[in-house]
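Data file: run_31.cif. Format and content: mmCIF, C-alpha atoms.
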```cif
data_protein
loop_
_atom_site.label_atom_id
_atom_site.label_comp_id
_atom_site.auth_asym_id
_atom_site.auth_seq_id
_atom_site.Cartn_x
_atom_site.Cartn_y
_atom_site.Cartn_z
CA MET A 1 0.00 0.00 0.00
CA ASP A 2 1.28 3.45 -0.83
CA TYR A 3 1.27 5.42 2.40
CA ALA A 4 2.58 8.48 0.63
CA ARG A 5 -0.82 9.23 -0.93
CA PRO A 6 -2.37 12.01 1.17
CA ALA A 7 -5.93 10.80 0.62
CA LEU A 8 -5.01 7.34 1.81
CA VAL A 9 -3.10 8.69 4.81
CA GLU A 10 -6.11 10.76 5.71
CA ALA A 11 -8.58 7.89 5.37
CA LEU A 12 -6.42 5.45 7.31
CA ALA A 13 -5.79 7.92 10.13
CA ALA A 14 -9.53 8.58 10.39
CA GLN A 15 -10.37 4.88 10.55
CA TYR A 16 -7.52 4.27 12.98
CA VAL A 17 -8.68 6.90 15.45
CA ALA A 18 -12.35 6.02 15.01
CA GLY A 19 -11.40 2.44 15.82
CA THR A 20 -12.63 0.78 12.63
CA LEU A 21 -9.18 0.05 11.26
CA ARG A 22 -8.69 -3.50 12.48
CA GLY A 23 -6.68 -6.63 12.17
CA PRO A 24 -3.43 -6.73 10.21
CA ALA A 25 -4.14 -3.32 8.68
CA ARG A 26 -4.18 -1.76 12.14
CA GLY A 27 -0.93 -3.50 13.01
CA ARG A 28 0.74 -2.31 9.80
CA PHE A 29 -0.47 1.22 10.35
CA GLU A 30 0.93 1.27 13.89
CA ALA A 31 4.24 -0.14 12.75
CA LEU A 32 4.58 2.66 10.21
CA LEU A 33 3.44 5.43 12.53
CA PRO A 34 6.75 6.16 14.31
CA SER A 35 8.61 6.84 11.06
CA HIS A 36 5.91 8.76 9.15
CA PRO A 37 5.39 12.33 10.34
CA ALA A 38 2.50 12.78 7.89
CA LEU A 39 0.66 9.83 9.43
CA GLN A 40 1.38 11.16 12.92
CA ALA A 41 0.03 14.58 12.04
CA ALA A 42 -3.13 13.11 10.50
CA VAL A 43 -3.66 10.91 13.58
CA ARG A 44 -3.20 13.88 15.91
CA GLU A 45 -5.78 15.88 13.97
CA TRP A 46 -8.30 13.07 14.09
CA GLN A 47 -7.68 12.62 17.80
CA LEU A 48 -8.46 16.29 18.34
CA ARG A 49 -11.61 15.93 16.26
CA LEU A 50 -13.03 12.78 17.80
CA MET A 51 -11.73 12.50 21.37
CA PRO A 52 -14.03 15.25 22.71
CA LEU A 53 -16.83 12.73 22.12
CA THR A 54 -15.59 10.74 25.09
CA GLY A 55 -16.20 13.74 27.35
CA VAL A 56 -19.83 12.68 27.74
CA LEU A 57 -18.98 9.37 29.38
CA GLN A 58 -19.73 9.22 33.09
CA PRO A 59 -16.49 8.56 35.00
CA GLN A 60 -16.25 5.02 36.34
CA THR A 61 -14.16 4.37 39.42
CA PRO A 62 -11.86 1.38 39.01
CA SER A 63 -11.25 -0.79 42.07
CA ALA A 64 -8.20 -0.10 44.22
CA ARG A 65 -6.52 -3.25 42.98
CA VAL A 66 -5.80 -1.56 39.63
CA TRP A 67 -3.47 1.04 41.13
CA GLN A 68 -1.89 -1.58 43.38
CA ALA A 69 -1.21 -3.77 40.37
CA ILE A 70 0.29 -0.83 38.47
CA GLU A 71 2.64 -0.10 41.37
CA ARG A 72 3.60 -3.75 41.69
CA ARG A 73 4.39 -3.95 38.00
CA LEU A 74 6.39 -0.75 37.78
CA TRP A 75 8.17 -0.86 41.14
CA PRO A 76 8.18 -4.43 42.41
CA ALA A 77 10.64 -3.89 45.26
CA ALA A 78 9.15 -0.73 46.64
CA ALA A 79 5.43 -1.27 46.42
CA ALA A 80 5.21 -1.58 50.19
CA ALA A 81 7.65 1.17 51.08
CA ALA A 82 6.20 4.52 51.94
CA GLN A 83 9.29 6.57 52.71
CA PRO A 84 10.50 9.19 50.22
CA PRO A 85 12.28 7.41 47.40
CA TRP A 86 15.93 8.38 47.59
CA TRP A 87 16.58 6.74 44.25
CA SER A 88 14.37 9.26 42.54
CA ARG A 89 16.86 11.90 43.59
CA LEU A 90 19.00 10.86 40.70
CA ALA A 91 21.33 13.75 41.31
CA VAL A 92 22.72 11.95 44.33
CA TRP A 93 24.11 9.01 42.48
CA ARG A 94 24.52 10.75 39.18
CA GLY A 95 26.93 13.13 40.78
CA VAL A 96 28.74 10.44 42.63
CA SER A 97 28.80 8.07 39.72
CA ALA A 98 30.11 10.74 37.42
CA LEU A 99 33.19 10.63 39.60
CA ALA A 100 33.04 6.92 40.15
CA SER A 101 32.57 6.05 36.52
CA VAL A 102 36.02 7.36 35.84
CA ALA A 103 37.15 4.57 38.11
CA VAL A 104 34.84 1.95 36.66
CA VAL A 105 36.94 -0.62 34.94
CA THR A 106 35.84 -3.32 32.59
CA LEU A 107 38.38 -6.09 32.68
CA ALA A 108 38.45 -8.14 29.55
CA VAL A 109 39.90 -11.54 30.22
CA LEU A 110 42.26 -11.50 27.29
CA LEU A 111 43.69 -14.89 28.05
CA ALA A 112 40.46 -16.65 27.34
CA SER A 113 40.23 -15.62 23.69
CA PRO A 114 38.73 -18.82 22.25
CA PRO A 115 35.85 -18.94 23.13
CA PRO A 116 35.39 -15.20 23.76
CA ALA A 117 34.37 -15.14 27.42
CA LEU A 118 32.20 -12.33 28.66
CA ALA A 119 34.29 -9.85 30.57
CA PRO A 120 33.62 -9.46 34.25
CA VAL A 121 32.25 -6.09 35.23
CA VAL A 122 33.78 -4.19 38.09
CA VAL A 123 31.87 -1.40 39.77
CA VAL A 124 33.47 1.00 42.21
CA LEU A 125 31.06 2.24 44.84
CA ALA A 126 32.07 5.58 46.31
CA SER A 127 30.93 6.98 49.61
CA THR A 128 27.91 9.28 49.33
CA GLY A 129 28.64 11.06 52.60
CA ALA A 130 25.07 10.33 53.68
CA ASP A 131 26.39 9.01 56.97
CA ALA A 132 29.23 10.96 58.54
CA GLY A 133 30.71 7.89 60.21
CA THR A 134 30.88 5.78 57.04
CA ALA A 135 33.67 6.38 54.57
CA GLY A 136 35.73 4.35 52.16
CA THR A 137 35.14 2.53 48.91
CA PHE A 138 33.50 -0.75 47.92
CA VAL A 139 34.34 -2.76 44.85
CA ALA A 140 31.70 -5.03 43.33
CA SER A 141 32.61 -7.48 40.61
CA PHE A 142 30.12 -9.36 38.45
CA SER A 143 31.25 -12.48 36.70
CA GLY A 144 30.90 -11.96 32.94
CA ASP A 145 27.77 -14.08 32.75
CA GLY A 146 26.12 -12.12 35.57
CA ARG A 147 25.73 -15.25 37.67
CA ALA A 148 27.90 -14.30 40.60
CA LEU A 149 28.74 -11.04 42.28
CA VAL A 150 31.60 -10.46 44.72
CA THR A 151 31.78 -7.35 46.88
CA ARG A 152 34.69 -6.20 48.98
CA PRO A 153 35.58 -2.96 50.75
CA LEU A 154 39.01 -1.62 49.77
CA GLN A 155 39.64 -1.18 53.47
CA PRO A 156 37.36 -2.47 56.22
CA VAL A 157 34.57 0.04 56.65
CA ALA A 158 33.51 1.12 60.13
CA LEU A 159 29.92 0.20 60.88
CA GLN A 160 28.17 0.76 64.18
CA ALA A 161 27.19 -2.31 66.18
CA GLY A 162 23.80 -3.77 65.38
CA ARG A 163 23.82 -2.49 61.82
CA VAL A 164 24.49 -4.23 58.51
CA PHE A 165 25.19 -3.23 54.92
CA GLU A 166 22.64 -4.16 52.26
CA LEU A 167 23.44 -4.12 48.54
CA TRP A 168 20.85 -2.86 46.03
CA SER A 169 20.52 -3.04 42.28
CA VAL A 170 19.12 0.27 41.03
CA PRO A 171 17.33 -0.26 37.69
CA PRO A 172 17.26 2.46 34.99
CA GLU A 173 13.64 3.05 35.98
CA GLY A 174 11.76 2.26 39.13
CA ALA A 175 12.70 1.06 42.55
CA PRO A 176 15.88 -0.72 43.66
CA ARG A 177 15.98 -4.45 44.32
CA SER A 178 17.87 -5.99 47.21
CA LEU A 179 20.77 -8.21 46.21
CA GLY A 180 21.50 -9.24 49.79
CA LEU A 181 23.59 -8.31 52.82
CA ILE A 182 27.30 -7.74 52.39
CA SER A 183 30.26 -7.74 54.74
CA ALA A 184 31.79 -4.46 55.93
CA SER A 185 35.21 -6.04 56.45
CA GLY A 186 35.78 -8.71 53.80
CA ALA A 187 34.58 -10.31 50.59
CA THR A 188 30.97 -11.39 50.11
CA VAL A 189 29.99 -13.75 47.30
CA LEU A 190 26.39 -13.45 46.11
CA GLN A 191 25.39 -16.50 44.12
CA ARG A 192 23.30 -16.38 41.02
CA GLN A 193 20.14 -17.70 42.62
CA LYS A 194 20.09 -14.51 44.66
CA LEU A 195 20.58 -12.26 41.67
CA PRO A 196 17.70 -11.18 39.42
CA ALA A 197 18.04 -12.73 35.97
CA THR A 198 18.27 -9.35 34.29
CA VAL A 199 20.81 -7.88 36.70
CA LEU A 200 23.37 -7.33 33.95
CA ARG A 201 21.07 -7.25 30.95
CA GLY A 202 19.90 -3.69 31.37
CA GLY A 203 18.34 -4.42 34.75
CA THR A 204 20.92 -2.46 36.71
CA ALA A 205 21.96 1.14 36.20
CA ALA A 206 23.82 1.42 39.48
CA LEU A 207 24.64 -0.44 42.66
CA ALA A 208 24.01 1.07 46.05
CA VAL A 209 24.69 0.13 49.68
CA SER A 210 22.45 1.18 52.54
CA ILE A 211 22.76 0.84 56.33
CA GLU A 212 20.05 -1.45 57.67
CA PRO A 213 18.99 -3.15 60.91
CA PRO A 214 20.20 -6.77 61.43
CA GLY A 215 18.68 -9.02 58.80
CA GLY A 216 18.31 -6.20 56.32
CA SER A 217 15.51 -3.87 55.35
CA THR A 218 12.07 -5.21 56.12
CA THR A 219 10.25 -2.88 53.73
CA GLY A 220 11.68 -4.15 50.44
CA ALA A 221 13.35 -0.79 49.89
CA PRO A 222 16.36 0.81 51.56
CA SER A 223 15.27 2.07 54.99
CA GLY A 224 18.58 3.52 56.22
CA PRO A 225 20.97 6.00 54.62
CA VAL A 226 22.47 5.06 51.26
CA VAL A 227 26.19 5.26 51.97
CA PHE A 228 27.83 3.92 48.79
CA VAL A 229 26.81 4.28 45.15
CA GLY A 230 28.44 3.23 41.89
CA LYS A 231 27.17 3.35 38.34
CA LEU A 232 27.30 0.27 36.20
CA GLN A 233 28.92 0.62 32.80
CA LEU A 234 28.89 -2.27 30.39
CA MET B 235 -16.54 13.50 41.79
CA SER B 236 -14.79 16.77 41.35
CA ILE B 237 -11.38 15.14 41.20
CA HIS B 238 -12.14 13.71 37.81
CA THR B 239 -11.40 15.93 34.87
CA SER B 240 -13.54 13.91 32.57
CA THR B 241 -15.87 16.64 31.45
CA PRO B 242 -14.16 19.55 29.84
CA GLY B 243 -15.85 22.59 31.33
CA ALA B 244 -15.25 26.29 31.70
CA ASP B 245 -12.12 25.66 33.72
CA TRP B 246 -10.88 23.11 31.22
CA PRO B 247 -7.83 25.05 30.03
CA GLN B 248 -6.49 25.17 33.59
CA LYS B 249 -7.19 21.47 34.14
CA SER B 250 -5.56 20.68 30.87
CA ARG B 251 -2.48 22.66 31.87
CA ASP B 252 -2.37 20.83 35.20
CA LEU B 253 -2.55 17.48 33.45
CA ALA B 254 0.17 18.50 31.02
CA GLN B 255 2.34 19.40 34.02
CA LEU B 256 1.67 16.05 35.67
CA LEU B 257 2.44 14.23 32.44
CA ALA B 258 5.69 16.13 32.00
CA ARG B 259 6.76 15.29 35.54
CA THR B 260 5.70 11.67 35.04
CA GLY B 261 7.95 11.63 31.98
CA LEU B 262 10.84 12.57 34.27
CA GLY B 263 10.11 9.62 36.52
CA ASP B 264 8.17 11.51 39.23
CA ARG B 265 6.04 8.86 40.89
CA ALA B 266 4.00 11.32 42.95
CA ALA B 267 3.01 13.13 39.76
CA PHE B 268 2.10 9.81 38.18
CA ALA B 269 -0.09 8.93 41.17
CA ALA B 270 -1.82 12.30 40.92
CA LEU B 271 -2.33 11.80 37.21
CA TYR B 272 -3.93 8.42 37.89
CA GLU B 273 -6.13 9.95 40.58
CA ARG B 274 -7.42 12.58 38.18
CA THR B 275 -7.78 10.64 34.97
CA SER B 276 -8.46 6.99 35.83
CA GLY B 277 -12.22 7.57 36.17
CA HIS B 278 -12.45 8.92 32.65
CA LEU B 279 -10.11 6.41 31.07
CA PHE B 280 -11.88 3.55 32.83
CA ALA B 281 -15.20 4.78 31.44
CA VAL B 282 -13.68 4.80 27.94
CA VAL B 283 -12.25 1.28 28.33
CA LEU B 284 -15.43 -0.05 29.91
CA ARG B 285 -17.52 1.09 26.95
CA ILE B 286 -15.40 -1.07 24.68
CA GLN B 287 -14.60 -3.95 27.05
CA ARG B 288 -17.79 -4.56 29.05
CA ASP B 289 -16.27 -7.22 31.27
CA ARG B 290 -15.23 -5.20 34.31
CA ALA B 291 -12.38 -7.49 35.38
CA LEU B 292 -10.90 -7.52 31.87
CA ALA B 293 -11.42 -3.76 31.63
CA GLU B 294 -9.47 -3.29 34.86
CA ASP B 295 -6.62 -5.39 33.49
CA LEU B 296 -6.62 -3.20 30.40
CA LEU B 297 -6.64 -0.04 32.50
CA GLN B 298 -3.59 -1.34 34.32
CA GLU B 299 -1.83 -1.81 30.97
CA VAL B 300 -2.90 1.67 29.94
CA TYR B 301 -1.19 3.32 32.90
CA VAL B 302 1.93 1.15 32.67
CA SER B 303 2.13 2.32 29.08
CA VAL B 304 1.51 5.94 30.13
CA TRP B 305 4.37 5.74 32.65
CA LYS B 306 6.69 4.38 29.99
CA SER B 307 5.74 6.76 27.21
CA ALA B 308 5.00 9.94 29.18
CA ALA B 309 8.38 11.38 28.20
CA GLY B 310 7.15 11.33 24.60
CA PHE B 311 4.12 13.50 25.32
CA ASP B 312 4.43 16.79 23.49
CA ALA B 313 2.28 19.44 25.13
CA ALA B 314 2.75 21.74 22.15
CA ARG B 315 1.08 19.28 19.83
CA SER B 316 -1.37 17.26 21.91
CA GLN B 317 -3.98 17.80 24.59
CA PRO B 318 -3.11 15.66 27.62
CA LEU B 319 -6.54 14.09 28.00
CA THR B 320 -6.78 13.46 24.27
CA TRP B 321 -3.42 11.77 24.36
CA LEU B 322 -4.36 9.65 27.38
CA THR B 323 -7.77 8.78 25.96
CA HIS B 324 -6.18 7.62 22.74
CA ILE B 325 -3.89 5.25 24.64
CA ALA B 326 -6.87 3.88 26.56
CA ARG B 327 -8.97 3.36 23.42
CA HIS B 328 -6.05 1.82 21.63
CA ARG B 329 -5.46 -0.70 24.43
CA ALA B 330 -9.14 -1.51 24.69
CA ILE B 331 -9.51 -2.14 20.95
CA ASP B 332 -6.31 -4.16 21.00
CA GLY B 333 -7.73 -6.14 23.92
CA LEU B 334 -10.84 -6.96 21.90
CA ARG B 335 -8.63 -8.43 19.22
CA ARG B 336 -6.99 -10.63 21.83
CA THR B 337 -10.19 -11.80 23.51
CA ALA B 338 -11.77 -12.38 20.09
CA ALA B 339 -9.04 -14.91 19.42
CA GLN B 340 -10.20 -16.89 22.47
CA PRO B 341 -13.42 -18.86 22.46
CA SER B 342 -16.18 -17.02 24.24
CA THR B 343 -17.70 -18.85 27.15
CA GLU B 344 -20.45 -16.31 27.42
CA SER B 345 -22.44 -17.70 24.52
CA LEU B 346 -22.33 -21.19 26.01
CA HIS B 347 -23.67 -20.24 29.39
CA GLY B 348 -25.77 -17.44 28.04
CA ASP B 349 -28.20 -15.42 30.06
CA SER B 350 -31.31 -17.55 30.09
CA ASP B 351 -33.51 -14.49 30.28
CA ASP B 352 -31.75 -12.89 27.35
CA ASP B 353 -32.30 -14.63 24.06
CA SER B 354 -31.14 -11.74 21.98
CA ASP B 355 -27.68 -11.62 20.48
CA ASN B 356 -27.72 -7.88 20.51
CA PRO B 357 -24.63 -6.87 22.51
CA LEU B 358 -26.32 -3.64 23.50
CA ASP B 359 -29.06 -5.60 25.24
CA ARG B 360 -26.55 -7.05 27.63
CA VAL B 361 -25.67 -3.62 28.87
CA ALA B 362 -27.35 -2.56 32.07
CA SER B 363 -30.43 -0.58 31.22
CA ASP B 364 -29.13 2.62 32.80
CA THR B 365 -26.16 2.60 30.46
CA PRO B 366 -26.77 5.10 27.70
CA GLY B 367 -26.61 3.76 24.16
CA PRO B 368 -23.97 5.05 21.79
CA LEU B 369 -26.44 7.32 20.03
CA ASP B 370 -27.53 8.84 23.36
CA LEU B 371 -23.89 9.56 24.00
CA LEU B 372 -23.46 11.31 20.68
CA GLY B 373 -26.50 13.40 21.46
CA ARG B 374 -25.00 14.41 24.77
CA ALA B 375 -21.74 15.55 23.31
CA SER B 376 -22.80 19.09 24.07
CA ASP B 377 -19.49 20.03 25.61
CA ALA B 378 -17.90 19.54 22.27
CA ARG B 379 -20.38 21.97 20.73
CA GLU B 380 -18.91 22.11 17.27
CA LEU B 381 -18.45 18.39 17.06
CA SER B 382 -22.02 17.90 18.17
CA GLN B 383 -23.32 20.31 15.52
CA CYS B 384 -21.31 18.53 12.89
CA MET B 385 -22.63 15.17 14.07
CA ASP B 386 -26.12 16.55 13.43
CA ARG B 387 -25.25 16.85 9.76
CA LEU B 388 -24.75 13.14 9.40
CA SER B 389 -27.56 10.92 8.19
CA PRO B 390 -29.03 8.76 10.99
CA PRO B 391 -27.40 5.54 9.77
CA GLN B 392 -24.06 7.30 9.35
CA ARG B 393 -24.34 8.67 12.88
CA GLN B 394 -25.29 5.30 14.28
CA SER B 395 -22.40 3.55 12.54
CA VAL B 396 -19.86 6.05 13.83
CA ALA B 397 -21.33 5.90 17.33
CA LEU B 398 -21.18 2.10 17.50
CA ALA B 399 -17.65 2.04 16.16
CA PHE B 400 -16.32 4.88 18.26
CA PHE B 401 -17.97 4.32 21.63
CA ASP B 402 -18.30 0.58 21.67
CA GLY B 403 -15.27 -0.36 19.62
CA LEU B 404 -17.29 -2.35 17.09
CA SER B 405 -15.56 -3.28 13.84
CA HIS B 406 -17.15 -2.60 10.46
CA ALA B 407 -18.35 -6.20 10.38
CA GLU B 408 -19.86 -5.94 13.86
CA VAL B 409 -21.58 -2.68 13.04
CA ALA B 410 -22.96 -4.31 9.89
CA ALA B 411 -24.26 -7.26 11.89
CA GLN B 412 -25.70 -4.94 14.49
CA LEU B 413 -27.54 -2.79 11.96
CA GLN B 414 -28.30 -5.75 9.68
CA GLU B 415 -26.85 -3.96 6.72
CA PRO B 416 -24.29 -5.14 4.15
CA LEU B 417 -20.68 -4.68 5.14
CA GLY B 418 -19.89 -2.52 2.11
CA THR B 419 -22.76 -0.18 2.94
CA VAL B 420 -21.58 0.24 6.52
CA LYS B 421 -18.01 0.85 5.42
CA SER B 422 -19.09 3.64 3.12
CA TRP B 423 -21.36 5.14 5.81
CA VAL B 424 -18.45 5.31 8.22
CA ARG B 425 -16.09 6.66 5.58
CA ARG B 426 -18.50 9.35 4.45
CA ALA B 427 -19.43 10.22 8.03
CA LEU B 428 -15.80 10.82 8.93
CA ALA B 429 -15.24 12.89 5.79
CA THR B 430 -18.32 14.99 6.54
CA LEU B 431 -17.17 15.52 10.12
CA LYS B 432 -13.77 16.64 8.96
CA THR B 433 -15.08 19.15 6.46
CA CYS B 434 -17.64 20.49 8.93
CA LEU B 435 -15.12 20.84 11.77
CA GLU B 436 -12.61 22.55 9.54
CA ARG B 437 -15.25 25.00 8.40
CA SER B 438 -16.28 25.86 11.92
CA ALA B 439 -12.64 26.23 12.94
CA ALA B 440 -12.13 28.63 10.06
CA ARG B 441 -15.23 30.59 11.14
CA ASP B 442 -13.89 30.83 14.70
CA GLY B 443 -10.63 32.05 13.29
CA GLU B 444 -12.41 34.85 11.45
CA VAL B 445 -14.34 35.92 14.53
CA ALA B 446 -11.27 35.95 16.73
#
```

Could the structure of this file be written out as structure tokens, please?
Amino acid sequence: MDYARPALVEALAAQYVAGTLRGPARGRFEALLPSHPALQAAVREWQLRLMPLTGVLQPQTPSARVWQAIERRLWPAAAAAAQPPWWSRLAVWRGVSALASVAVVTLAVLLASPPPALAPVVVVLASTGADAGTAGTFVASFSGDGRALVTRPLQPVALQAGRVFELWSVPPEGAPRSLGLISASGATVLQRQKLPATVLRGGTAALAVSIEPPGGSTTGAPSGPVVFVGKLQL
Amino acid sequence: MSIHTSTPGADWPQKSRDLAQLLARTGLGDRAAFAALYERTSGHLFAVVLRIQRDRALAEDLLQEVYVSVWKSAAGFDAARSQPLTWLTHIARHRAIDGLRRTAAQPSTESLHGDSDDDSDNPLDRVASDTPGPLDLLGRASDARELSQCMDRLSPPQRQSVALAFFDGLSHAEVAAQLQEPLGTVKSWVRRALATLKTCLERSAARDGEVA
């Protein structure tokens, strides 16, 4: 079909917005839409023409489960947490990670050329200064296949008694997910069954460490100060 | 239900600006803005979806998809080119029509169990009696004054075809079955109705331009 013909563009846009363009034709039209400004303009015009019709519909209140389901889908880890989301203050870790990313190193294992092994990913987590008593640097290293993660402080980090460090994966969008508790003094190995499947495949934009009560956060989101942050660069 | 901005009124421009603000903030990942947007628009969008998908549970699932999609695509909303509620309503209609396509692919259990006191196959008969029919809705479109005047210029069958398609998400074939008219006839009614609406709306826009 020749989508360059204005009359056809016009007719298809009208039928699309009115809802009568169906089946494969609707699918084709939608597939073309992003790359055809003329189609987009025609659709916008028809939307402006026809959408006011819906103004006469009486509002219908959806049940509360709809919003709950939306929250669960968009922010699985934080649906229960009510405290202000620190991760939405991107500036915090953007600023820090701008510095840290200079130090982020991707180590290609050159020795293992055939077969080309996936390089491990090393993330340096710098102190955010959110807690005056906590300073230093953490290093987190993913195995190339994303199945294991090792964390280690460069020097043992002081942590007040009765408190633990919890490691979080911060996705590009939405709430962080807990990866588990990590040691303040030595190496911690987090096995793959603890890691979300997508942790390296776009599921993690940054790693963060928060101070939590023994056993870790009970809310599903960081409840104490976020003391270390490092951006992941693949 | 003053929180719902479903009916564009005298204060519509302000409400529209507020919604555009909320959408812009949602596009930046502001969850509070997104929650406020849901609060203000879900009643309207649910009404739109429910007209097309009458099964309330399925309609709620669709509404959920609508807002997940709004969250993901809010950054693409262009306030200079689109009205926020128009943009949102389009997403809702699109999902609902898409949902019909999916449920149509599954066998319907409704016809097997059937309502024993309802031997008609008319889908409109299954709607609760206090639900206005699509033609009633067109008649009420008084807020959209120009659109309503232009609708008046359509022939009754043209108007009915457009109303069934637009409000209830019926396909050409379903409208034809509903009106017991040949498919080709219905297709040309809808096509001519839309063309008439366009010409009429453009004329009235031009008139407004001259007055202003």

*Determine the residue set returned by the PyMOL selection byres ((chain B) within 8 of (chain A)) for the present structure, and present it as a ChimeraX atom specification.*
/B:238,240-242,263-264,276-282,294-295,297-299,301-302,315-317,320-321,323-324,328,331,335,371-372,374-378,381,396,399-401,403-406,425,428,432,435

*Work out how far CA of Leu271 in chain B is from CA of Val43 in chain A, in Å to one decimal.*
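So the two atoms, CA of Val43 in chain A and CA of Leu271 in chain B, lie 23.7 Å apart.
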
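Atom to atom, CA of Pro176 in chain A and CA of Gly162 in chain A stand 23.3 Å apart.
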
_Atomic distance CA of Pro368 in chain B - CA of Asp402 in chain B, expressed in Å with one decimal_ =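 Result for CA of Pro368 in chain B versus CA of Asp402 in chain B: 7.2 Å, one decimal.
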
*Enumerate, as a list of chain:residue names, the residues matched when the PyMOL selection byres ((chain A and resi 131) around 8) is run on the file above.*
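Expected selection for the PyMOL selection byres ((chain A and resi 131) around 8) here is A:Thr128, A:Gly129, A:Ala130, A:Ala132, A:Gly133, A:Thr134, A:Pro225, A:Val226, A:Val227.
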
*Choose the residue, out of A:Lys231, A:His36, A:Arg72, A:Arg5, that has the smallest atom-to-atom separation from Ala126 in chain A; count all atoms listed in the file.*
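Between A:Lys231, A:His36, A:Arg72, A:Arg5, the residue approaching Ala126 in chain A most closely is A:Lys231.
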
_Show me, as a PyMOL selection string, the residues that have an atom within 12 Å of Ala161 in chain A when counting all atoms listed in the file, minus same-chain residues fewer than 5 positions from it._
chain A and resi 184+211-214

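Shell of Pro24 in chain A at 12 Å, with all atoms listed in the file counted and residues fewer than 6 places along the chain excluded, is Glu30 and Ala31 of chain A; Asp332 and Arg335 of chain B.
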
*Taking the file as shown, find all residues satisfying the PyMOL selection byres ((chain A and resi 209) around 7) and write them as a list in words.*
Phe165, Glu166, Leu167, Trp168, Ala208, Ser210, Ile211, Val226, Val227, Phe228 and Val229 of chain A

_Residue among A:Leu39, A:Val150, A:Ala13, A:Ala205 lying closest to Pro120 in chain A, counting all atoms listed in the file_ = A:Val150

*Would you list the residues near (28.1, -10.2, 44.0) (no more than 10 Å away, in the coordinates of the file, using all atoms listed in the file) as a PyMOL selection string?*
chain A and resi 139-143+146-152+167+179-180+182+187-192+194-195
